[in-house]
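Here the structure is laid out as structure tokens; the discussion comes afterwards.
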Amino acid sequence: MQTNTTETQFIKTLRTALGIGQESAGARAAKIFTDPKDPSPEQAAIVKTIKSRRDKDHMALLHHLSREAVPLNLNVIPVKDKAQVSKAIANLVKETGPEWGAKKSVVQWDHPLVNALDLKTALKDQNVPVHTAAFDTTGMDDLTRSKARDRVRRQMIDSYIGVTSADFCLADTATLVMKSRPKEARAVSLLPSIHVAVIGKEQMLTNLKELYALLKYDPETREAELLPHHMTLISGPSKTADIELVMVHGAHGPRKLYLYVITG
Amino acid sequence: MTHATLFIQCIVDGMYPEVGEAMVSLFQRLGITMDYPENQTCCGQPSFNAGYRKEAAKAAKHYIETFEDSETIVCPSGSCVSMVRHHYPELFENEPAWKARAIAVGKRTFELTEYLVDVLHIENTGAYYDGTITYHDSCHLKRYLGVAAQPRTLISQVRGATFVEMKGCDTCCGFGGAFSTKYPDISTAMVREKVKNILDSGADAVVGCDMGCLMNIKGYLTRNTLNVRVMHIAQLLAGKKAGAV
Amino acid sequence: MSHDAATKKYAQNAASAIKDEILQKALNKIQSGLGKATALSYQNLDEGPDLRLAAHDIREKTINNLDVVLTRLAAKIRENGGRVYFARTGEQAVEYCLKIARQHHVKQVVKGKSMVTEEIRLNPAFEARGIEVNETDLGEYIIQLAGEKPSHIIAPAAHKTRQQVGRLFERKLGVPYTEDPPELTRIARKALREKFLTADMGISGCNLACAQTGHITVVSNEGNIRMATTLPKVHVAIMGMERVVPNLEDHDILFRLLSRGAAAQKLGGCVSYIGGPAGPEFPDGPEEFHLVILDNGRSRILADPKFREILCCIRCSACLNVCPVYGKIGGHAYDATYCGPIGAVLTPLMEGMNQAKDLCLGESLCGACQQACSVNIDLPRMLLELRYRLAYGDDQWETQPVSVAEKTIHQAWAFLAGHPALYRAFLRTFALGQKIFPTSRGMITKMPGPGAGWTRSRDIQPLSQTPFRKRFKKLNAKKAHG
């Protein structure tokens, strides 16, 4: 383990290099750090704008997203309701096959919107199992927890389609924003070859700047959830240009990404 | 009456006096009177770029002493002007009196095309050239002095001339002073590409504002017996019969 | 290696790179594509290209207060359950990573692309202890299979053709030859998926940390870094101590510039904000998260006010994509972890000015790098500063004067510059003396000494027998009288 002396020594070396003393540290910190709980007027204004958006604003953002998504190979599909999404996923399962194994299976988050798709029923006549990559850890000891984790991992490895929602979608960069939560395994959007995400149109934001404002300050979100220990931004499926700068989609992670936006 | 004091840098003075001549005849046509302090030598840039700042400072002091009584100093090189304007003050960080003098003289030292366009607001010099011209942006002129539009403005007013941009017009030609002799392979690879872009542009003449770059480009052209004229912009603007370097 | 040998090696490396047609084609493609696209992407910023200047201010403020910024970062990460180790040297950082590996009986590591792990030579140390290390960025994977070093910060295998990659995969992975990039990518995808699923440890760098919230961020377009930081039980991230900003709003600005500088993108394809391990209630994600904050010579740079600015760099690599020297010699010629203009400044500061002097001397000072820099670092100023230290030597940096002969020449020239009569006499003598050099059509074709390199490929204009200073009076009088 790190002894505090190494850190103290390290920081002391920096102060010597900078030619400043420890005594100014507090005052300098107060000067360079903004208050994490106190948004700037600009940030507060951005958040206010976001909260005051109406249907037509969200539709405009959706149009913006649809344009930006094209070069990123992200398929944005506006739909009226959840039933359409379930149907579309059932079709997708019918028309596509697994990349790695022979057997088709789907894995999903334990998330209200995803659960409401009722994929188990939608995929019943195709006989394709739907796994929920989540478990309740209450009362579990380390060993059982570890086994439960292994089981979830196995389901994510074996499934060729992963279904998630997202916290936000940024129109300008065609970005899905996913904050980590216990019932929303990270690898559902990572290990399967096809990633399907479902959001409501009110989850649309304009750009990174709006996201950053919301990470700092959101009256409707608990402080600890503004920016949890882990968050992922995904802008289209995986890609690489490492061989002769030729763009190839699907280096690691999902090769296809479908985003269903429920317009209501 | 408009008056300019000429600072004719070493390369033009010694190797390309005809560029200085062209500048004189251009100024005469534009009604600009001139003087030329005989005691001028080198601005010190070669030493500065090689790291020899004490030696560069000696040259700088000489420049300051020679030119500080002049109201407006004009030089046909962006590189030398950048040296005077930007690097002289750096040389005298520990000599505040010299630093102040350096800043003062730096503010009055202008590169030829910025002098014509920005100071005198002259765009049409009444020049004539029969042919197709392309322009090479010298690095220090464009990036350190921000002069890229001015020469193009002047060129666009030259009667009879067709202007074409070359690919990579502002990519370094590979001169870089001592760089070109210390790392000749790299420098040659760079000038080879520059010349290729000049040839590909279809121009029969390449115009520039700094004889350092043009010396490099011309040296490669003549070695490979490639038939493109190399002209300093002073020569282009000087009149109907501006000749090649 | 002696300093002369280093110079010779640099010149030889450069010369062979220039002759390598495949490399030249790749470099051309990078520069004509990415270089231009990046400049355009700065123009398209909402705030306009001057956002680079604001970013420079943020970086400067951060570096000038690095002690409090890093203290906050470490405290926040520990608060989130992560562990933080401050490493003074590369060896300490490697030793720490090995210790974690031993604790977890690690047999196999998957890595996300990270220049800092190249800097501290992490891979060989792991391999020497029998731990398998797999680079997972496609470009890094290719060069790891080939046993080479990266030639570009973000496009490490840019110097390889699809045919070379095809033959390499055929030989090393036992797959049938193909030169189809999608098919080659698929082969690597398959091979690496196995590695991801079985690795016990993931190692990544850090693109940019945010101290206020206690997160590091890592970016990849391939998704490999997300794999490496999600699937193994342990994640160790290593960051150069300067790769941090204080606040979220700073992170916003720098992050947008990073993506543009690196790949002319608005945002990298896959970004992870990592502030600690996944808690016990989470079904996946690493159970341990370690952040190693590395000095390794950086505090020495911090202590020199003339070079401190280089610590503002966020390694986007935009300077490589516009540098005309990099565009000719490629990354390998620099023979250092960091190449291109950033390497030309950083390498002499990290590995010794005398040892790496050619990197700062071998640049043409064209200034394209500063304009391309996502945080507007004045790289040319620091190249000149390095040359200054090299000219006279510098005890602080244990730097010896680079050449007595060269210094004498500049002293003599300075003397002449201060004595106009002697200056004129010298040039007159030279103008007469130059007649011994061979000429063709009025141009000198061969010179000895320092001019030899020039005349190998170019002619040189001889000095005029009537210099301008002798012509002016007559020219000026002519007009006045007529």
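Naming scheme: A, B, ... for chains in displayed order of the structure tokens; residues 1 onward per chain; ligands 1 onward as shown.
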
Could the residues of chain A within 6 Å of chain C, counting only C-alpha atoms, be given as a PDB file with N, CA and C atoms, in the first residue's frame, please?
ATOM      1  N   GLN A   2       0.312   2.239  -0.534  1.00  0.00           N
ATOM      2  CA  GLN A   2       0.965   3.546  -0.590  1.00  0.00           C
ATOM      3  C   GLN A   2       1.131   4.109   0.825  1.00  0.00           C
ATOM      4  N   GLU A   7       3.375  10.188  -1.115  1.00  0.00           N
ATOM      5  CA  GLU A   7       2.514  11.232  -1.659  1.00  0.00           C
ATOM      6  C   GLU A   7       2.954  12.613  -1.168  1.00  0.00           C
ATOM      7  N   ILE A  11       4.166  15.614  -3.612  1.00  0.00           N
ATOM      8  CA  ILE A  11       3.533  16.937  -3.657  1.00  0.00           C
ATOM      9  C   ILE A  11       4.544  18.018  -3.262  1.00  0.00           C
ATOM     10  N   LEU A  14       6.631  18.910  -6.115  1.00  0.00           N
ATOM     11  CA  LEU A  14       5.924  19.816  -7.036  1.00  0.00           C
ATOM     12  C   LEU A  14       5.986  21.250  -6.526  1.00  0.00           C
ATOM     13  N   ALA A  17       9.314  22.682  -7.115  1.00  0.00           N
ATOM     14  CA  ALA A  17       9.470  22.988  -8.542  1.00  0.00           C
ATOM     15  C   ALA A  17       8.720  24.266  -8.908  1.00  0.00           C
ATOM     16  N   LEU A  18       7.560  24.430  -8.305  1.00  0.00           N
ATOM     17  CA  LEU A  18       6.747  25.607  -8.615  1.00  0.00           C
ATOM     18  C   LEU A  18       7.219  26.841  -7.848  1.00  0.00           C
ATOM     19  N   ALA A 134     -28.570  -8.719 -14.225  1.00  0.00           N
ATOM     20  CA  ALA A 134     -28.627  -8.021 -12.950  1.00  0.00           C
ATOM     21  C   ALA A 134     -28.898  -9.032 -11.856  1.00  0.00           C
ATOM     22  N   THR A 137     -27.967  -8.171  -4.585  1.00  0.00           N
ATOM     23  CA  THR A 137     -26.850  -8.627  -3.757  1.00  0.00           C
ATOM     24  C   THR A 137     -27.174  -8.668  -2.274  1.00  0.00           C
ATOM     25  N   ARG A 149     -21.887 -12.928 -10.344  1.00  0.00           N
ATOM     26  CA  ARG A 149     -21.200 -12.090 -11.350  1.00  0.00           C
ATOM     27  C   ARG A 149     -20.773 -12.943 -12.549  1.00  0.00           C
ATOM     28  N   PRO A 182     -26.366  -0.272 -10.492  1.00  0.00           N
ATOM     29  CA  PRO A 182     -26.274  -1.700 -10.143  1.00  0.00           C
ATOM     30  C   PRO A 182     -27.080  -2.626 -11.049  1.00  0.00           C
ATOM     31  N   ALA A 185     -25.869  -3.606 -16.079  1.00  0.00           N
ATOM     32  CA  ALA A 185     -24.510  -4.093 -16.304  1.00  0.00           C
ATOM     33  C   ALA A 185     -23.864  -3.376 -17.490  1.00  0.00           C
ATOM     34  N   HIS A 229     -19.404   6.710 -10.097  1.00  0.00           N
ATOM     35  CA  HIS A 229     -18.011   6.251 -10.236  1.00  0.00           C
ATOM     36  C   HIS A 229     -17.666   5.859 -11.663  1.00  0.00           C
ATOM     37  N   HIS A 230     -18.685   5.652 -12.476  1.00  0.00           N
ATOM     38  CA  HIS A 230     -18.388   5.272 -13.856  1.00  0.00           C
ATOM     39  C   HIS A 230     -19.458   5.780 -14.813  1.00  0.00           C
ATOM     40  N   MET A 231     -19.018   6.281 -15.935  1.00  0.00           N
ATOM     41  CA  MET A 231     -19.960   6.737 -16.962  1.00  0.00           C
ATOM     42  C   MET A 231     -19.324   6.487 -18.333  1.00  0.00           C
ATOM     43  N   THR A 232     -20.157   6.078 -19.286  1.00  0.00           N
ATOM     44  CA  THR A 232     -19.646   5.819 -20.633  1.00  0.00           C
ATOM     45  C   THR A 232     -20.370   6.689 -21.646  1.00  0.00           C
ATOM     46  N   LEU A 233     -19.631   7.218 -22.589  1.00  0.00           N
ATOM     47  CA  LEU A 233     -20.229   7.909 -23.729  1.00  0.00           C
ATOM     48  C   LEU A 233     -19.958   7.069 -24.973  1.00  0.00           C
ATOM     49  N   ILE A 234     -21.008   6.759 -25.704  1.00  0.00           N
ATOM     50  CA  ILE A 234     -20.850   5.941 -26.907  1.00  0.00           C
ATOM     51  C   ILE A 234     -21.393   6.709 -28.107  1.00  0.00           C
ATOM     52  N   SER A 235     -20.526   6.973 -29.063  1.00  0.00           N
ATOM     53  CA  SER A 235     -20.959   7.681 -30.266  1.00  0.00           C
ATOM     54  C   SER A 235     -20.825   6.758 -31.464  1.00  0.00           C
ATOM     55  N   SER A 238     -18.238   0.719 -32.614  1.00  0.00           N
ATOM     56  CA  SER A 238     -16.778   0.704 -32.622  1.00  0.00           C
ATOM     57  C   SER A 238     -16.219   0.866 -34.035  1.00  0.00           C
ATOM     58  N   LYS A 239     -15.125   1.589 -34.147  1.00  0.00           N
ATOM     59  CA  LYS A 239     -14.503   1.734 -35.466  1.00  0.00           C
ATOM     60  C   LYS A 239     -13.000   1.880 -35.340  1.00  0.00           C
ATOM     61  N   THR A 240     -12.311   1.611 -36.439  1.00  0.00           N
ATOM     62  CA  THR A 240     -10.853   1.757 -36.455  1.00  0.00           C
ATOM     63  C   THR A 240     -10.407   2.193 -37.842  1.00  0.00           C
ATOM     64  N   ASP A 242      -6.876   1.880 -38.348  1.00  0.00           N
ATOM     65  CA  ASP A 242      -5.466   1.615 -38.081  1.00  0.00           C
ATOM     66  C   ASP A 242      -4.745   0.909 -39.221  1.00  0.00           C
ATOM     67  N   VAL A 248     -12.995   1.065 -40.730  1.00  0.00           N
ATOM     68  CA  VAL A 248     -13.674  -0.229 -40.598  1.00  0.00           C
ATOM     69  C   VAL A 248     -14.507  -0.178 -39.320  1.00  0.00           C
ATOM     70  N   ALA A 251     -14.372  -2.967 -34.550  1.00  0.00           N
ATOM     71  CA  ALA A 251     -13.064  -3.479 -34.122  1.00  0.00           C
ATOM     72  C   ALA A 251     -13.247  -4.315 -32.863  1.00  0.00           C
ATOM     73  N   HIS A 252     -13.786  -3.700 -31.827  1.00  0.00           N
ATOM     74  CA  HIS A 252     -14.131  -4.439 -30.608  1.00  0.00           C
ATOM     75  C   HIS A 252     -15.521  -3.971 -30.227  1.00  0.00           C
ATOM     76  N   GLY A 253     -16.204  -4.776 -29.450  1.00  0.00           N
ATOM     77  CA  GLY A 253     -17.529  -4.331 -29.027  1.00  0.00           C
ATOM     78  C   GLY A 253     -18.508  -4.402 -30.176  1.00  0.00           C
TER      79      GLY A 253
END

>> DSSP on the backbone, strand (DSSP E) only: what residues of region 28-231 of chain B does that give? Format it as an MDAnalysis selection string.
In response: chainID B and resid 32:35 73:75 109:111 128:135 159:163 205:208 229:231

Just the selected residues (N, CA, C and O atoms), exported as a short mmCIF file (atom, residue, chain, number, x, y, z; two decimals), in the first residue's frame, please.
data_model
loop_
_atom_site.label_atom_id
_atom_site.label_comp_id
_atom_site.auth_asym_id
_atom_site.auth_seq_id
_atom_site.Cartn_x
_atom_site.Cartn_y
_atom_site.Cartn_z
N ILE B 32 7.95 56.83 -52.89
CA ILE B 32 8.48 56.68 -51.53
C ILE B 32 9.97 57.03 -51.58
O ILE B 32 10.72 56.44 -52.38
N THR B 33 10.39 57.98 -50.77
CA THR B 33 11.82 58.29 -50.73
C THR B 33 12.50 57.34 -49.75
O THR B 33 11.86 56.76 -48.87
N MET B 34 13.78 57.18 -49.93
CA MET B 34 14.50 56.14 -49.16
C MET B 34 15.84 56.61 -48.66
O MET B 34 16.45 57.49 -49.26
N ASP B 35 16.26 55.98 -47.57
CA ASP B 35 17.68 56.07 -47.23
C ASP B 35 18.14 54.67 -46.85
O ASP B 35 17.32 53.79 -46.58
N ILE B 73 11.21 51.53 -40.93
CA ILE B 73 12.24 50.67 -41.52
C ILE B 73 11.52 49.58 -42.30
O ILE B 73 10.58 48.95 -41.78
N VAL B 74 11.94 49.34 -43.53
CA VAL B 74 11.28 48.33 -44.35
C VAL B 74 12.31 47.31 -44.83
O VAL B 74 13.40 47.69 -45.27
N CYS B 75 11.94 46.05 -44.74
CA CYS B 75 12.86 44.96 -45.07
C CYS B 75 12.15 43.94 -45.95
O CYS B 75 11.00 43.58 -45.67
N THR B 109 9.67 48.52 -37.57
CA THR B 109 10.28 47.69 -38.62
C THR B 109 9.19 46.87 -39.31
O THR B 109 8.45 46.14 -38.64
N PHE B 110 9.10 47.00 -40.61
CA PHE B 110 8.03 46.33 -41.36
C PHE B 110 8.59 45.48 -42.50
O PHE B 110 9.59 45.82 -43.13
N GLU B 111 7.87 44.41 -42.75
CA GLU B 111 8.16 43.60 -43.93
C GLU B 111 7.54 44.33 -45.13
O GLU B 111 6.52 45.02 -44.99
N TYR B 128 3.15 44.93 -63.99
CA TYR B 128 2.70 44.10 -65.10
C TYR B 128 3.56 42.86 -65.15
O TYR B 128 4.78 42.91 -64.98
N TYR B 129 2.91 41.73 -65.35
CA TYR B 129 3.69 40.50 -65.56
C TYR B 129 2.91 39.60 -66.51
O TYR B 129 1.72 39.36 -66.30
N ASP B 130 3.57 39.11 -67.50
CA ASP B 130 2.90 38.27 -68.49
C ASP B 130 3.19 36.80 -68.14
O ASP B 130 4.26 36.29 -68.48
N GLY B 131 2.24 36.19 -67.45
CA GLY B 131 2.46 34.78 -67.12
C GLY B 131 1.62 34.33 -65.95
O GLY B 131 0.79 35.07 -65.43
N THR B 132 1.83 33.08 -65.57
CA THR B 132 1.07 32.48 -64.47
C THR B 132 1.98 32.39 -63.24
O THR B 132 3.09 31.88 -63.33
N ILE B 133 1.43 32.86 -62.12
CA ILE B 133 2.22 32.97 -60.90
C ILE B 133 1.61 32.10 -59.81
O ILE B 133 0.40 32.03 -59.65
N THR B 134 2.48 31.47 -59.03
CA THR B 134 2.02 30.88 -57.79
C THR B 134 2.81 31.49 -56.64
O THR B 134 3.87 32.07 -56.86
N TYR B 135 2.28 31.39 -55.44
CA TYR B 135 2.91 32.07 -54.30
C TYR B 135 3.27 31.10 -53.20
O TYR B 135 2.47 30.25 -52.81
N ARG B 159 -1.22 43.46 -63.42
CA ARG B 159 -1.86 43.31 -64.72
C ARG B 159 -1.16 42.22 -65.53
O ARG B 159 0.06 42.07 -65.47
N GLY B 160 -1.95 41.48 -66.29
CA GLY B 160 -1.37 40.48 -67.18
C GLY B 160 -1.08 39.15 -66.52
O GLY B 160 -0.85 38.14 -67.19
N ALA B 161 -1.09 39.13 -65.22
CA ALA B 161 -0.69 37.90 -64.52
C ALA B 161 -1.91 37.06 -64.14
O ALA B 161 -2.96 37.59 -63.81
N THR B 162 -1.74 35.75 -64.24
CA THR B 162 -2.76 34.83 -63.75
C THR B 162 -2.21 34.22 -62.47
O THR B 162 -1.04 33.81 -62.43
N PHE B 163 -3.03 34.21 -61.41
CA PHE B 163 -2.55 33.66 -60.14
C PHE B 163 -3.17 32.30 -59.87
O PHE B 163 -4.38 32.13 -60.00
N ALA B 205 6.05 30.88 -62.84
CA ALA B 205 6.90 31.59 -61.89
C ALA B 205 6.39 31.38 -60.47
O ALA B 205 5.19 31.34 -60.23
N VAL B 206 7.33 31.21 -59.53
CA VAL B 206 6.95 31.15 -58.12
C VAL B 206 7.45 32.44 -57.47
O VAL B 206 8.59 32.84 -57.65
N VAL B 207 6.52 33.07 -56.74
CA VAL B 207 6.83 34.32 -56.08
C VAL B 207 6.84 34.09 -54.58
O VAL B 207 6.01 33.34 -54.05
N GLY B 208 7.78 34.73 -53.90
CA GLY B 208 7.83 34.64 -52.45
C GLY B 208 8.28 35.96 -51.87
O GLY B 208 8.60 36.90 -52.60
N ARG B 229 10.52 30.20 -63.13
CA ARG B 229 11.16 31.42 -62.65
C ARG B 229 10.95 31.57 -61.16
O ARG B 229 9.88 31.25 -60.64
N VAL B 230 11.95 32.07 -60.49
CA VAL B 230 11.83 32.33 -59.06
C VAL B 230 11.95 33.83 -58.85
O VAL B 230 12.92 34.44 -59.30
N MET B 231 10.94 34.43 -58.25
CA MET B 231 10.94 35.89 -58.11
C MET B 231 10.61 36.31 -56.70
O MET B 231 9.66 35.81 -56.09
#

> Which chain B residues are at most 7 Å from chain C (counting only C-alpha atoms), as a ChimeraX atom specification?
Replying inline: /B:13-15,17,20,38-42,47,49-53,55-56,58-59,62,139-140,143,171-172,174-176,179-181,183-186,188-189,219-220,222-223

Dump of N, CA and C atoms for the selected residues, as a compact mmCIF listing (two decimals), in the first residue's frame:
# COMPACT_ATOMS: atom_id res chain seq x y z
N ASP B 13 21.50 41.52 -49.84
CA ASP B 13 22.65 42.40 -50.04
C ASP B 13 23.74 41.68 -50.82
N GLY B 14 24.11 40.51 -50.37
CA GLY B 14 25.26 39.83 -50.95
C GLY B 14 24.93 38.97 -52.15
N MET B 15 23.83 38.23 -52.10
CA MET B 15 23.56 37.25 -53.16
C MET B 15 22.55 37.72 -54.18
N PRO B 17 21.37 41.17 -54.95
CA PRO B 17 21.23 42.63 -54.93
C PRO B 17 20.12 43.12 -55.85
N GLY B 20 17.00 43.96 -54.07
CA GLY B 20 17.08 45.29 -53.46
C GLY B 20 16.86 46.38 -54.50
N GLU B 38 24.47 52.82 -44.24
CA GLU B 38 25.58 51.99 -44.75
C GLU B 38 26.14 51.05 -43.70
N ASN B 39 25.91 51.38 -42.44
CA ASN B 39 26.49 50.57 -41.38
C ASN B 39 25.69 49.32 -41.04
N GLN B 40 24.58 49.11 -41.74
CA GLN B 40 23.78 47.93 -41.40
C GLN B 40 24.53 46.65 -41.75
N THR B 41 24.30 45.65 -40.87
CA THR B 41 24.97 44.34 -41.11
C THR B 41 23.91 43.24 -41.06
N CYS B 42 24.03 42.34 -40.08
CA CYS B 42 23.11 41.20 -40.01
C CYS B 42 22.23 41.36 -38.78
N SER B 47 22.41 33.32 -35.58
CA SER B 47 22.92 32.95 -34.26
C SER B 47 21.77 32.65 -33.31
N ASN B 49 18.74 31.53 -33.93
CA ASN B 49 18.11 30.24 -34.23
C ASN B 49 18.98 29.06 -33.84
N ALA B 50 20.30 29.27 -33.84
CA ALA B 50 21.19 28.19 -33.46
C ALA B 50 21.38 28.14 -31.95
N GLY B 51 20.80 29.09 -31.23
CA GLY B 51 20.90 29.09 -29.77
C GLY B 51 21.92 30.06 -29.22
N TYR B 52 22.71 30.69 -30.08
CA TYR B 52 23.78 31.58 -29.62
C TYR B 52 23.25 32.99 -29.38
N ARG B 53 22.58 33.12 -28.25
CA ARG B 53 21.85 34.36 -27.98
C ARG B 53 22.77 35.52 -27.60
N GLU B 55 25.62 36.11 -28.85
CA GLU B 55 26.14 36.61 -30.13
C GLU B 55 25.02 37.33 -30.88
N ALA B 56 23.82 36.75 -30.84
CA ALA B 56 22.68 37.39 -31.50
C ALA B 56 22.42 38.76 -30.89
N LYS B 58 24.54 40.80 -29.68
CA LYS B 58 25.50 41.79 -30.20
C LYS B 58 25.02 42.36 -31.53
N ALA B 59 24.58 41.45 -32.40
CA ALA B 59 24.06 41.90 -33.70
C ALA B 59 22.81 42.76 -33.50
N HIS B 62 23.61 46.22 -32.50
CA HIS B 62 24.08 46.98 -33.66
C HIS B 62 22.90 47.43 -34.53
N CYS B 139 7.30 30.70 -43.83
CA CYS B 139 6.73 30.34 -42.53
C CYS B 139 6.70 31.50 -41.55
N HIS B 140 7.84 32.17 -41.40
CA HIS B 140 7.88 33.22 -40.38
C HIS B 140 6.98 34.38 -40.75
N ARG B 143 3.24 32.85 -40.22
CA ARG B 143 2.82 32.41 -38.88
C ARG B 143 3.24 33.36 -37.77
N THR B 171 3.28 25.20 -46.62
CA THR B 171 4.13 24.16 -46.02
C THR B 171 5.59 24.59 -46.18
N CYS B 172 6.34 24.40 -45.13
CA CYS B 172 7.75 24.81 -45.12
C CYS B 172 8.50 24.22 -46.30
N GLY B 174 11.66 23.75 -46.35
CA GLY B 174 12.81 22.98 -45.89
C GLY B 174 14.07 23.79 -45.71
N PHE B 175 13.97 25.12 -45.86
CA PHE B 175 15.17 25.94 -45.69
C PHE B 175 15.59 25.94 -44.21
N GLY B 176 14.87 26.70 -43.41
CA GLY B 176 15.15 26.66 -41.96
C GLY B 176 16.56 27.05 -41.57
N PHE B 179 19.42 24.52 -40.53
CA PHE B 179 18.74 23.23 -40.66
C PHE B 179 19.03 22.61 -42.02
N SER B 180 19.05 23.46 -43.07
CA SER B 180 19.21 22.94 -44.42
C SER B 180 20.61 22.37 -44.67
N THR B 181 21.59 22.83 -43.90
CA THR B 181 22.93 22.27 -44.09
C THR B 181 23.23 21.18 -43.07
N TYR B 183 20.90 19.12 -41.66
CA TYR B 183 20.06 17.94 -41.93
C TYR B 183 19.64 17.95 -43.40
N PRO B 184 20.64 17.83 -44.29
CA PRO B 184 20.35 18.03 -45.72
C PRO B 184 19.34 17.04 -46.30
N ASP B 185 19.34 15.81 -45.78
CA ASP B 185 18.40 14.83 -46.36
C ASP B 185 16.96 15.23 -46.10
N ILE B 186 16.69 15.66 -44.87
CA ILE B 186 15.33 16.05 -44.51
C ILE B 186 14.95 17.30 -45.29
N THR B 188 16.15 18.39 -48.06
CA THR B 188 15.97 18.11 -49.48
C THR B 188 14.62 17.45 -49.75
N ALA B 189 14.23 16.54 -48.86
CA ALA B 189 12.92 15.89 -49.05
C ALA B 189 11.82 16.93 -49.01
N GLY B 219 17.72 26.80 -55.81
CA GLY B 219 18.87 25.90 -55.85
C GLY B 219 18.48 24.50 -56.28
N TYR B 220 17.30 24.07 -55.86
CA TYR B 220 16.82 22.74 -56.24
C TYR B 220 16.36 22.74 -57.69
N THR B 222 17.42 24.72 -60.21
CA THR B 222 18.53 24.79 -61.18
C THR B 222 19.31 23.48 -61.20
N ARG B 223 19.48 22.88 -60.02
CA ARG B 223 20.21 21.61 -60.00
C ARG B 223 19.50 20.56 -60.86

> Rounded to one decimal in Å, what is the spacing between CA of Ala237 (chain C) and CA of Gln108 (chain C)?
Replying inline: 16.1 Å

>> If you run DSSP on the backbone here, which positions in region 89-192 of chain B get alpha helix (DSSP H)? Please write them as an MDAnalysis selection string.
In response: chainID B and resid 89:91 96:107 112:114 139 149:156 179:182 184:192

> Can you list, as a PyMOL selection string, every protein, DNA or RNA residue that comes within 7 Å of region 99-102 of chain A when you count only C-alpha atoms, leaving out same-chain residues fewer than 2 positions away?
Replying inline: chain A and resi 97+104+160+193

> Excluding same-chain residues fewer than 5 positions from Ser66 (chain A), what lies within 10 Å of it counting only C-alpha atoms, as a ChimeraX atom specification?
Replying inline: /A:60-61,74-78,171-172,174

Filtering to N, CA and C atoms, could you give me those residues as a PDB file, in the first residue's frame?
ATOM      1  N   ALA A  60     -37.031  18.461 -32.631  1.00  0.00           N
ATOM      2  CA  ALA A  60     -35.966  19.145 -33.380  1.00  0.00           C
ATOM      3  C   ALA A  60     -34.611  18.518 -33.058  1.00  0.00           C
ATOM      4  N   LEU A  61     -34.416  18.207 -31.782  1.00  0.00           N
ATOM      5  CA  LEU A  61     -33.146  17.565 -31.398  1.00  0.00           C
ATOM      6  C   LEU A  61     -33.024  16.188 -32.046  1.00  0.00           C
ATOM      7  N   LEU A  74     -24.511   5.049 -36.940  1.00  0.00           N
ATOM      8  CA  LEU A  74     -25.475   4.790 -35.871  1.00  0.00           C
ATOM      9  C   LEU A  74     -26.866   4.850 -36.487  1.00  0.00           C
ATOM     10  N   ASN A  75     -27.656   3.782 -36.274  1.00  0.00           N
ATOM     11  CA  ASN A  75     -29.002   3.751 -36.831  1.00  0.00           C
ATOM     12  C   ASN A  75     -29.986   4.341 -35.837  1.00  0.00           C
ATOM     13  N   VAL A  76     -30.508   5.502 -36.151  1.00  0.00           N
ATOM     14  CA  VAL A  76     -31.493   6.132 -35.273  1.00  0.00           C
ATOM     15  C   VAL A  76     -32.875   5.858 -35.844  1.00  0.00           C
ATOM     16  N   ILE A  77     -33.722   5.270 -35.023  1.00  0.00           N
ATOM     17  CA  ILE A  77     -35.057   4.907 -35.507  1.00  0.00           C
ATOM     18  C   ILE A  77     -36.118   5.509 -34.588  1.00  0.00           C
ATOM     19  N   PRO A  78     -36.775   6.568 -35.029  1.00  0.00           N
ATOM     20  CA  PRO A  78     -37.861   7.121 -34.218  1.00  0.00           C
ATOM     21  C   PRO A  78     -39.062   6.181 -34.286  1.00  0.00           C
ATOM     22  N   ALA A 171     -27.484  15.119 -29.333  1.00  0.00           N
ATOM     23  CA  ALA A 171     -27.758  15.184 -30.768  1.00  0.00           C
ATOM     24  C   ALA A 171     -26.512  15.521 -31.572  1.00  0.00           C
ATOM     25  N   ASP A 172     -25.772  16.505 -31.110  1.00  0.00           N
ATOM     26  CA  ASP A 172     -24.677  17.056 -31.904  1.00  0.00           C
ATOM     27  C   ASP A 172     -23.554  16.066 -32.174  1.00  0.00           C
ATOM     28  N   ALA A 174     -24.122  12.617 -31.612  1.00  0.00           N
ATOM     29  CA  ALA A 174     -24.777  11.304 -31.689  1.00  0.00           C
ATOM     30  C   ALA A 174     -24.267  10.378 -30.594  1.00  0.00           C
TER      31      ALA A 174
END
